[in-house]
Amino acid sequence: MTDAEDLRRRTTALLAAHPPATTDRLDFLRARFDAGLAWVHFPVGLGGLDAPRSLQAVVDAELAAAGAPDNDPGRIGIGLGMAAPTILRFGTDAQKQRFLRPLWTGEEVWCQLFSEPGAGSDLAALATRAVRDDGGTSRSSGAESGGHWVVDGQKVWTSSAHLARWAILIARTDPDLPKHRGISYFVCDMTDPGVEVRPLRQITGEAEFNEVFLTGVRIPDAHRLGEVGEGWKVAQTTLMNERVAIGGNRIPREGGMIGVAAADWRARPELRTHDLHQRLLTLWVDAEVARLTGERLRQQLTKGQPGPEGSGMKLAFARLAQQISGWEVEFLGEDGLTYDDWTMRRPEGVDFTGREAGYRYLRAKGNSIEGGTSEVLLNIVAERVLGLPPEPRTDKDVAWKDLPR
């Protein structure tokens, strides 16, 4: 059984064999993955050591103290938080070996092709079609087809699609079945013919989101995750991990947006009022409760399989982000309305702590939509955590093709 002391020995050995000061960053990350110190709770040979997830903090602390390079969660968060646990649970051995290492090191960026113009909160109503075709070739597989899928449709709100090499994709493979049962899950090569990415400019002026058009995209059956028609089951793993990834990030006390707000308060005594002080204290306590709850939730995870409790964490994150950013703009007054540049840009990630208060205020508006709308997540918490009666759903047993759209 791997314990904290064993992990310290392994980390020391990694640092001795690959001194951070003289080792190329990518080479160090590859070596860390191969040593099982990337995500210690993953299996041996896949970046882990089958150790308790809570021991990851031991490795991270040792590497940080040594000044070792880290990967870039802001740029590869979808791969780390959503694609990886799904591939681990449903992927074949070949898929795990092919995708997990470059995903973790950041050599390959991932995006998520789930939402559609007519299937956002009701994701299972998606209309993108995948039709089985046994002819032709695929550039991403490099071999004559023993079975491919031809995909046509449109996806929307796709973060990082302009950077991504791979995408996790759900598409309808049987319109004669009810909407939750006729879906399959694929890995899509974003460089394949027929994939078109168009920017979607947001209220911040940036285009971190995209819409993606899929026209005759050929995906080898070897890039399917899970069984045909069981894509909704696979997608639930992705969605539950997404909510933990968004709402349950590991941060230090007074980290994240509450840390920025507290720093503003300390730096600008001339702007303080009793009312703003009381509200900041309440937000600080709420943020600390959410941080500790997130830590407990992560410690309960096994093999990357969170439960519906993650929806509560994502709800708390969205509420706090919007309340804190609103408090900050009110506290700073005119300075809170400043924003550096409205030029159309295509960023590599979201920065809630290194930008202006005006950016945080605008960007936080999307937190209650992305990763599951707050309204949908409230239903999940009510039904699956609190055990309240579910809302009536009259379309669950109706064939998708017969549903009104």
# chains A, B, ... in the order shown; residues from 1 in each chain; ligands from 1
call {"tool": "residues_around", "arguments": {"residues": "A:Arg89", "least_positions_apart": "2", "cutoff": "12 Å", "atoms": "only C-alpha atoms", "output": "list of chain:residue names"}}
result
A:Phe42, A:Pro43, A:Met82, A:Ala83, A:Ala84, A:Pro85, A:Thr86, A:Ile87, A:Gly91, A:Thr92, A:Asp93, A:Gln95, A:Lys96, A:Leu225, A:Gly226, A:Lys233, A:Val234, A:Ala235, A:Gln236, A:Thr237, A:Thr238, A:Asn241, A:Thr302, A:Lys303, A:Gly304, A:Gln305
call {"tool": "residues_around", "arguments": {"residues": "stretch 170-186 of chain A", "least_positions_apart": "2", "cutoff": "7 Å", "atoms": "only C-alpha atoms", "output": "ChimeraX atom specification"}}
result
/A:113-114,124-125,127-131,168,188,223-226,228-232,234,396-401
call {"tool": "closest_residue", "arguments": {"among": "A:Arg250, A:Arg101, A:Arg198, A:Arg10", "to": "A:Leu29", "atoms": "only C-alpha atoms"}}
result
A:Arg101
call {"tool": "closest_residue", "arguments": {"among": "A:Glu208, A:Val260, A:Pro308, A:Glu227", "to": "A:Gly387", "atoms": "only C-alpha atoms"}}
result
A:Pro308
call {"tool": "select_by_dssp", "arguments": {"residues": "stretch 27-232 of chain A", "states": "helix (DSSP H, G or I)", "output": "number ranges by chain"}}
result
A: 27-34, 53-65, 73-90, 93-105, 123-125, 221-223, 231-232
call {"tool": "closest_residue", "arguments": {"among": "A:Thr2, A:Thr22, A:Ser374, A:Asn71", "to": "A:Val58", "atoms": "only C-alpha atoms"}}
result
A:Thr2
call {"tool": "atom_distance", "arguments": {"atom1": "atom CA of A:Ala290", "atom2": "atom CA of A:Ala316"}}
result
6.9 Å
call {"tool": "residues_around", "arguments": {"residues": "A:Phe209", "least_positions_apart": "3", "cutoff": "9 Å", "atoms": "only C-alpha atoms", "output": "list in words"}}
result
Val156, Trp157, Thr158, Ser159, Ser160, Ala161, His162, Arg198, Pro199, Leu200, Arg201, Gln202, Glu206 and Arg346 of chain A
call {"tool": "residues_around", "arguments": {"residues": "A:Gly372", "least_positions_apart": "6", "cutoff": "9 Å", "atoms": "only C-alpha atoms", "output": "PyMOL selection string"}}
result
chain A and resi 120-121+239+242-243+311+314
call {"tool": "write_last_selection", "arguments": {"atoms": "C-alpha atoms", "output": "PDB file, in the first residue's frame"}}
result
ATOM      1  CA  GLY A 120     -28.670  22.733 -23.861  1.00  0.00           C
ATOM      2  CA  SER A 121     -30.249  22.070 -20.494  1.00  0.00           C
ATOM      3  CA  LEU A 239     -20.936  15.535 -16.496  1.00  0.00           C
ATOM      4  CA  GLU A 242     -17.252  18.317 -14.874  1.00  0.00           C
ATOM      5  CA  ARG A 243     -19.247  19.689 -11.957  1.00  0.00           C
ATOM      6  CA  SER A 311     -23.862  19.369  -8.534  1.00  0.00           C
ATOM      7  CA  LYS A 314     -20.961  23.611  -8.834  1.00  0.00           C
TER       8      LYS A 314
END
call {"tool": "atom_distance", "arguments": {"atom1": "atom CA of A:Arg319", "atom2": "atom CA of A:Leu126"}}
result
27.7 Å
call {"tool": "closest_residue", "arguments": {"among": "A:Val350, A:Leu37, A:Ile203, A:Ile258", "to": "A:Gly77", "atoms": "only C-alpha atoms"}}
result
A:Val350
call {"tool": "residues_around", "arguments": {"residues": "A:Thr353", "least_positions_apart": "2", "cutoff": "9 Å", "atoms": "only C-alpha atoms", "output": "list in words"}}
result
Gly256, Met257, Gly259, Val260, Asp351, Arg355, Glu356, Ala357 and Arg360 of chain A
call {"tool": "write_last_selection", "arguments": {"atoms": "N, CA and C atoms", "output": "CSV table (one decimal), in the first residue's frame"}}
result
chain,number,residue,atom,x,y,z
A,256,GLY,N,-8.6,32.0,-4.7
A,256,GLY,CA,-9.6,32.3,-5.7
A,256,GLY,C,-10.1,33.7,-5.6
A,257,MET,N,-11.4,33.9,-6.0
A,257,MET,CA,-11.9,35.2,-6.1
A,257,MET,C,-12.1,35.9,-4.7
A,259,GLY,N,-10.1,35.7,-2.3
A,259,GLY,CA,-8.8,36.3,-2.0
A,259,GLY,C,-8.5,37.6,-2.7
A,260,VAL,N,-9.0,37.7,-3.9
A,260,VAL,CA,-8.9,39.0,-4.6
A,260,VAL,C,-9.7,40.1,-3.9
A,351,ASP,N,-9.3,33.4,-16.6
A,351,ASP,CA,-8.5,33.9,-15.5
A,351,ASP,C,-9.3,34.7,-14.5
A,355,ARG,N,-7.1,39.2,-13.6
A,355,ARG,CA,-7.7,40.2,-14.5
A,355,ARG,C,-8.3,41.3,-13.7
A,356,GLU,N,-9.0,42.3,-14.4
A,356,GLU,CA,-9.6,43.4,-13.7
A,356,GLU,C,-11.0,42.9,-13.1
A,357,ALA,N,-11.4,43.7,-12.2
A,357,ALA,CA,-12.7,43.5,-11.5
A,357,ALA,C,-13.8,43.4,-12.6
A,360,ARG,N,-14.0,40.0,-14.2
A,360,ARG,CA,-14.5,39.0,-13.3
A,360,ARG,C,-16.0,39.1,-13.2
call {"tool": "residues_around", "arguments": {"residues": "A:Pro193", "least_positions_apart": "6", "cutoff": "9 Å", "atoms": "only C-alpha atoms", "output": "PyMOL selection string"}}
result
chain A and resi 139+214-218
call {"tool": "closest_residue", "arguments": {"among": "A:Pro252, A:Asn379, A:Val151, A:Ala321", "to": "A:Pro392", "atoms": "only C-alpha atoms"}}
result
A:Asn379
call {"tool": "select_by_dssp", "arguments": {"residues": "stretch 132-361 of chain A", "states": "strand (DSSP E or B)", "output": "ChimeraX atom specification"}}
result
/A:132-133,137,144,148-155,166-172,178,183-189,195-200,206,209-220,224-225,230,345
